[in-house]
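Structure first, then comments.
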Amino acid sequence: MSTSVAATPVVVAIDGPSGTGKSSTSKAVAARMGMRYLDTGAQYRAITWWMLHAGVDIDDPRAVAAAAGKPSIVSGTDPLAPSITIDGTDVAAPIRGERVTGAVSAVSAVPEVRTLITDLQRSIAAEADGGIVVEGRDIGTTVLPDADVKIFLTASPEVRAARRSAEVSGRAGAPAAGGADVAATQAALLRRDAADSGRKTSPLAKAGDATEVDTSELTLEQVIECVVTLIEERGRR
Ligand SMILES: Nc1ncnc2c1ncn2[C@@H]1O[C@H](COP(=O)(O)OP(=O)(O)OP(=O)(O)O)[C@@H](O)[C@H]1O
Ligand SMILES: Nc1ccn([C@H]2C[C@H](O)[C@@H](COP(=O)(O)O)O2)c(=O)n1
């Protein structure tokens with residue numbers, strides 16, 4: 001099934017702080033509704049990975065700006081098999097590592113980086129014939145301000161940290177997460193949110209016309225159902 005409002009494909013923007021369930025929800029909604037899926041955080045992570053790999057000083061915004069146009073990022077938008085390459089290298093795994101996670105807020109705050117990646121995101125969305133779910137921090141406010149459906153996911157810091165710790169400790173070879181690990185995870189999430197909300201250029205923010213969904217007390221399936229309902233309601237208008 002592909003989803004459209006009148007003759008034009010539906011564009012759904014899902015934003016929110018770290019660990020609120022944007023990726024899990026967006027992928028599942030897109031798969032269920034026959035739409036494409038774009039993880040914009042993966043694009044910022046990929047360019048951060050490339051900068052670190054190329055030896056660019058990520059604490060020097062001018063150096064980051066000067067290098068930003070050099071690599072080529074390709075995002076695969078199949079929600080069942082999303083992919084990301086940079087200059088032909090598959091970086092889906094390394095971009096999730098601690099080094100990239102610790103550096104991505106600095107790189108993504110550089111305006112030249114944002115301009116390049118925003119243009120790329122808009123062109124991917126424009127080519128998605130069957131509609132697309134795009135998730136990130138500034139999709140509803142800046143990248144796709146005319147999106148048909150805008151959702152802003154939230155959850156309490158405690159819930160987000162517990163979910164993230166469970167995810168990490170569930171990975172092969174990882175130790176079980178204890179109280180100290182959850183507290184450290186929560187502190188890291190809040191640090192990243194503060195940096196992403198506090199930057200000058202298109203910070204993490206809820207669009208005025210977005211629907212806020214607090215997922216703290218909801219299962220993933222309930223969040224998916226809620227978003228599908230919002231998209232279907234938009235289609236009936
Ligand atoms: N409603 C929910 N109930 C329980 N667990 C959830 C729920 N939503 C997401 N999760 C789990 O929480 C973790 C974080 O979810 P996800 O990666 O989708 O968040 P995110 O907002 O995309 O994070 P980030 O911004 O850091 O990429 C995952 O392990 C996911 O399975
Ligand atoms: N639209 C976006 C998406 C992501 N970012 C930055 C800020 C995040 O901390 C980082 C990684 O995103 P995640 O993989 O955790 O979703 O990328 C942004 O600035 N704008």
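Each chain in the structure tokens gets a letter, A, B and so on, in the order shown; residues start at 1 in every chain, and ligands are counted from 1 in the order they appear.
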Inset, instruction - Pick out the residues no farther than 7 Å from ligand 1, counting only C-alpha atoms and all ligand atoms, and list them as a VMD selection string. - result: chain A and resid 16 to 25 41 160 163 to 164 166 to 167 215 to 216 218 to 221 223
All residues having an atom within 8 Å of ligand 2 (only C-alpha atoms and all ligand atoms) as a CSV table (one decimal) with N, CA, C and O atoms, in the first residue's frame:
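Below you can see pocket_29.csv, which holds the result:
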chain,number,residue,atom,x,y,z
A,15,ASP,N,10.0,14.4,14.7
A,15,ASP,CA,11.2,15.0,15.5
A,15,ASP,C,11.1,14.6,16.9
A,15,ASP,O,10.0,14.2,17.4
A,17,PRO,N,13.7,14.6,21.0
A,17,PRO,CA,15.0,14.4,21.6
A,17,PRO,C,15.5,13.0,21.4
A,17,PRO,O,14.8,12.1,20.9
A,18,SER,N,16.7,12.8,21.8
A,18,SER,CA,17.4,11.5,21.7
A,18,SER,C,16.6,10.4,22.5
A,18,SER,O,16.2,10.6,23.6
A,19,GLY,N,16.5,9.2,21.8
A,19,GLY,CA,16.0,8.1,22.5
A,19,GLY,C,14.5,8.1,22.8
A,19,GLY,O,14.0,7.4,23.7
A,22,LYS,N,12.0,7.7,17.9
A,22,LYS,CA,11.8,8.2,16.5
A,22,LYS,C,12.1,7.1,15.5
A,22,LYS,O,11.3,6.9,14.6
A,23,SER,N,13.3,6.5,15.6
A,23,SER,CA,13.7,5.6,14.5
A,23,SER,C,12.8,4.3,14.5
A,23,SER,O,12.3,3.9,13.5
A,39,ASP,N,16.4,8.4,7.9
A,39,ASP,CA,17.0,8.6,9.2
A,39,ASP,C,18.0,9.8,9.0
A,39,ASP,O,19.2,9.5,8.6
A,40,THR,N,17.6,11.0,9.4
A,40,THR,CA,18.5,12.1,9.1
A,40,THR,C,19.7,12.2,10.1
A,40,THR,O,20.8,12.7,9.8
A,41,GLY,N,19.4,11.6,11.3
A,41,GLY,CA,20.5,11.5,12.3
A,41,GLY,C,21.7,10.7,11.7
A,41,GLY,O,22.9,11.0,12.0
A,42,ALA,N,21.4,9.6,11.0
A,42,ALA,CA,22.4,8.8,10.4
A,42,ALA,C,23.3,9.6,9.4
A,42,ALA,O,24.5,9.3,9.3
A,43,GLN,N,22.7,10.5,8.7
A,43,GLN,CA,23.4,11.4,7.8
A,43,GLN,C,24.4,12.3,8.6
A,43,GLN,O,25.6,12.4,8.2
A,44,TYR,N,23.9,12.9,9.7
A,44,TYR,CA,24.9,13.7,10.5
A,44,TYR,C,26.0,12.8,11.1
A,44,TYR,O,27.1,13.2,11.3
A,45,ARG,N,25.6,11.6,11.5
A,45,ARG,CA,26.6,10.7,12.1
A,45,ARG,C,27.6,10.3,11.0
A,45,ARG,O,28.8,10.2,11.3
A,96,ARG,N,27.4,4.3,15.0
A,96,ARG,CA,26.6,4.1,16.2
A,96,ARG,C,27.6,4.1,17.4
A,96,ARG,O,27.2,3.9,18.6
A,101,THR,N,29.1,9.3,18.4
A,101,THR,CA,28.0,9.9,19.3
A,101,THR,C,28.5,11.1,20.1
A,101,THR,O,27.7,12.1,20.2
A,104,VAL,N,29.0,14.1,17.3
A,104,VAL,CA,28.0,14.5,16.3
A,104,VAL,C,27.3,15.8,16.5
A,104,VAL,O,27.0,16.6,15.6
A,105,SER,N,27.1,16.2,17.8
A,105,SER,CA,26.5,17.5,18.0
A,105,SER,C,27.3,18.7,17.6
A,105,SER,O,26.8,19.7,17.1
A,108,SER,N,27.2,18.7,13.7
A,108,SER,CA,25.9,19.1,13.1
A,108,SER,C,25.5,20.5,13.5
A,108,SER,O,24.5,21.0,12.9
A,109,ALA,N,26.2,21.1,14.3
A,109,ALA,CA,25.9,22.6,14.7
A,109,ALA,C,26.5,23.5,13.6
A,109,ALA,O,26.2,24.7,13.6
A,114,ARG,N,24.9,21.8,7.9
A,114,ARG,CA,23.4,21.7,7.9
A,114,ARG,C,22.9,22.1,6.5
A,114,ARG,O,21.9,21.4,6.0
A,135,GLU,N,12.7,11.4,9.9
A,135,GLU,CA,12.9,11.6,11.3
A,135,GLU,C,14.2,12.3,11.6
A,135,GLU,O,15.2,12.1,11.0
A,136,GLY,N,14.1,13.2,12.7
A,136,GLY,CA,15.3,14.0,13.0
A,136,GLY,C,15.0,14.9,14.2
A,136,GLY,O,14.4,14.6,15.1
A,137,ARG,N,15.6,16.1,14.0
A,137,ARG,CA,15.5,17.2,15.1
A,137,ARG,C,14.8,18.4,14.5
A,137,ARG,O,14.2,19.2,15.3
A,138,ASP,N,15.0,18.7,13.2
A,138,ASP,CA,14.5,20.0,12.6
A,138,ASP,C,13.7,19.7,11.4
A,138,ASP,O,13.7,20.6,10.5
A,139,ILE,N,13.1,18.6,11.3
A,139,ILE,CA,12.4,18.3,10.0
A,139,ILE,C,11.1,19.1,9.9
A,139,ILE,O,10.9,19.8,8.9
A,143,VAL,N,13.5,21.6,7.6
A,143,VAL,CA,13.8,20.8,6.4
A,143,VAL,C,12.5,20.7,5.6
A,143,VAL,O,12.6,21.0,4.4
A,192,ARG,N,23.5,15.7,25.1
A,192,ARG,CA,23.3,15.8,23.7
A,192,ARG,C,22.0,16.6,23.3
A,192,ARG,O,22.0,17.5,22.4
A,193,ASP,N,20.9,16.4,24.1
A,193,ASP,CA,19.7,17.2,23.9
A,193,ASP,C,20.0,18.7,24.1
A,193,ASP,O,19.6,19.6,23.3
A,195,ALA,N,22.9,20.3,23.8
A,195,ALA,CA,23.7,20.8,22.6
A,195,ALA,C,22.8,21.0,21.4
A,195,ALA,O,22.9,22.0,20.7
A,196,ASP,N,21.9,20.0,21.1
A,196,ASP,CA,21.1,20.0,19.9
A,196,ASP,C,20.0,21.1,20.0
A,196,ASP,O,19.7,21.7,19.0
A,202,SER,N,19.0,26.0,13.1
A,202,SER,CA,17.9,24.9,13.2
A,202,SER,C,18.1,24.0,14.3
A,202,SER,O,18.4,22.8,14.1
A,203,PRO,N,17.9,24.5,15.5
A,203,PRO,CA,18.0,23.6,16.7
A,203,PRO,C,16.9,22.6,16.8
A,203,PRO,O,15.8,22.7,16.1
A,204,LEU,N,17.1,21.6,17.7
A,204,LEU,CA,16.0,20.7,18.0
A,204,LEU,C,14.8,21.5,18.6
A,204,LEU,O,15.0,22.2,19.6
Legend entry - Backbone DSSP call of helix (DSSP H, G or I) for region 93-214 of chain A, listed as a VMD selection string: chain A and resid 94 to 96 98 to 108 111 to 127 139 to 143 157 to 169 179 to 198
Pull C-alpha atoms from the residues just selected and write them as a short mmCIF file (atom, residue, chain, number, x, y, z; two decimals), in the first residue's frame.
data_model
loop_
_atom_site.label_atom_id
_atom_site.label_comp_id
_atom_site.auth_asym_id
_atom_site.auth_seq_id
_atom_site.Cartn_x
_atom_site.Cartn_y
_atom_site.Cartn_z
CA PRO A 94 30.58 2.51 13.01
CA ILE A 95 28.34 5.59 13.14
CA ARG A 96 26.64 4.12 16.24
CA GLU A 98 30.73 6.23 21.21
CA ARG A 99 33.27 8.36 19.34
CA VAL A 100 30.77 9.47 16.69
CA THR A 101 27.97 9.88 19.26
CA GLY A 102 30.24 12.16 21.31
CA ALA A 103 31.21 14.28 18.30
CA VAL A 104 28.02 14.50 16.25
CA SER A 105 26.45 17.48 18.05
CA ALA A 106 29.52 19.65 17.34
CA VAL A 107 29.66 18.71 13.65
CA SER A 108 25.91 19.07 13.12
CA PRO A 111 25.80 25.87 9.40
CA GLU A 112 27.63 24.74 6.22
CA VAL A 113 27.12 21.10 7.24
CA ARG A 114 23.43 21.71 7.87
CA THR A 115 22.92 23.48 4.52
CA LEU A 116 24.43 20.57 2.59
CA ILE A 117 22.57 17.88 4.48
CA THR A 118 19.26 19.77 4.46
CA ASP A 119 19.48 20.06 0.64
CA LEU A 120 20.16 16.32 0.42
CA GLN A 121 17.19 15.54 2.70
CA ARG A 122 14.85 17.72 0.65
CA SER A 123 15.88 16.06 -2.61
CA ILE A 124 15.37 12.57 -1.13
CA ALA A 125 11.91 13.56 0.14
CA ALA A 126 10.97 15.09 -3.22
CA GLU A 127 11.86 11.84 -5.03
CA ILE A 139 12.38 18.25 10.02
CA GLY A 140 9.06 19.92 10.90
CA THR A 141 10.63 23.32 11.58
CA THR A 142 13.26 23.68 8.84
CA VAL A 143 13.79 20.79 6.43
CA PRO A 157 14.72 11.21 30.68
CA GLU A 158 14.41 8.24 33.06
CA VAL A 159 12.38 6.20 30.55
CA ARG A 160 14.67 7.09 27.65
CA ALA A 161 17.79 6.13 29.60
CA ALA A 162 16.24 2.83 30.72
CA ARG A 163 15.23 1.96 27.14
CA ARG A 164 18.64 2.87 25.73
CA SER A 165 20.49 0.92 28.44
CA ALA A 166 18.31 -2.13 27.82
CA GLU A 167 19.06 -1.85 24.10
CA VAL A 168 22.83 -1.61 24.66
CA SER A 169 22.97 -4.43 27.22
CA GLY A 179 22.04 1.63 37.99
CA ALA A 180 25.28 3.55 37.38
CA ASP A 181 25.16 2.74 33.65
CA VAL A 182 21.57 3.99 33.40
CA ALA A 183 22.51 7.22 35.21
CA ALA A 184 25.49 7.74 32.87
CA THR A 185 23.30 7.03 29.84
CA GLN A 186 20.73 9.56 31.07
CA ALA A 187 23.40 12.21 31.61
CA ALA A 188 24.78 11.62 28.08
CA LEU A 189 21.28 11.84 26.53
CA LEU A 190 20.59 15.12 28.32
CA ARG A 191 23.97 16.58 27.32
CA ARG A 192 23.27 15.80 23.66
CA ASP A 193 19.73 17.24 23.89
CA ALA A 194 21.11 20.44 25.43
CA ALA A 195 23.69 20.83 22.64
CA ASP A 196 21.13 20.03 19.91
CA SER A 197 18.50 22.42 21.36
CA GLY A 198 21.00 25.18 22.08
#
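If you measure from each of A:Ser26, A:Thr211, A:Ser72, A:Ser156 to Thr85 (chain A) using only C-alpha atoms, the closest one turns out to be A:Ser72.
Using only C-alpha atoms, the nearest neighbour of Ala210 (chain A) within the list A:Met33, A:Leu80, A:Ala147, A:Ala67 is A:Ala147.
In terms of minimum interatomic distance to Lys206 (chain A), A:Pro145 ranks closest within A:Pro71, A:Pro82, A:Ile224, A:Pro145, counting only C-alpha atoms.
Of note, CA of Ala81 (chain A) and CA of Trp50 (chain A) are spaced 22.0 Å apart.
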Inset, instruction - Give the answer as one residue: which of A:Ile132, A:Trp49, A:Ile86, A:Ile73 has the shortest atom-to-atom distance to Lys27 (chain A), using only C-alpha atoms? - result: A:Ile132
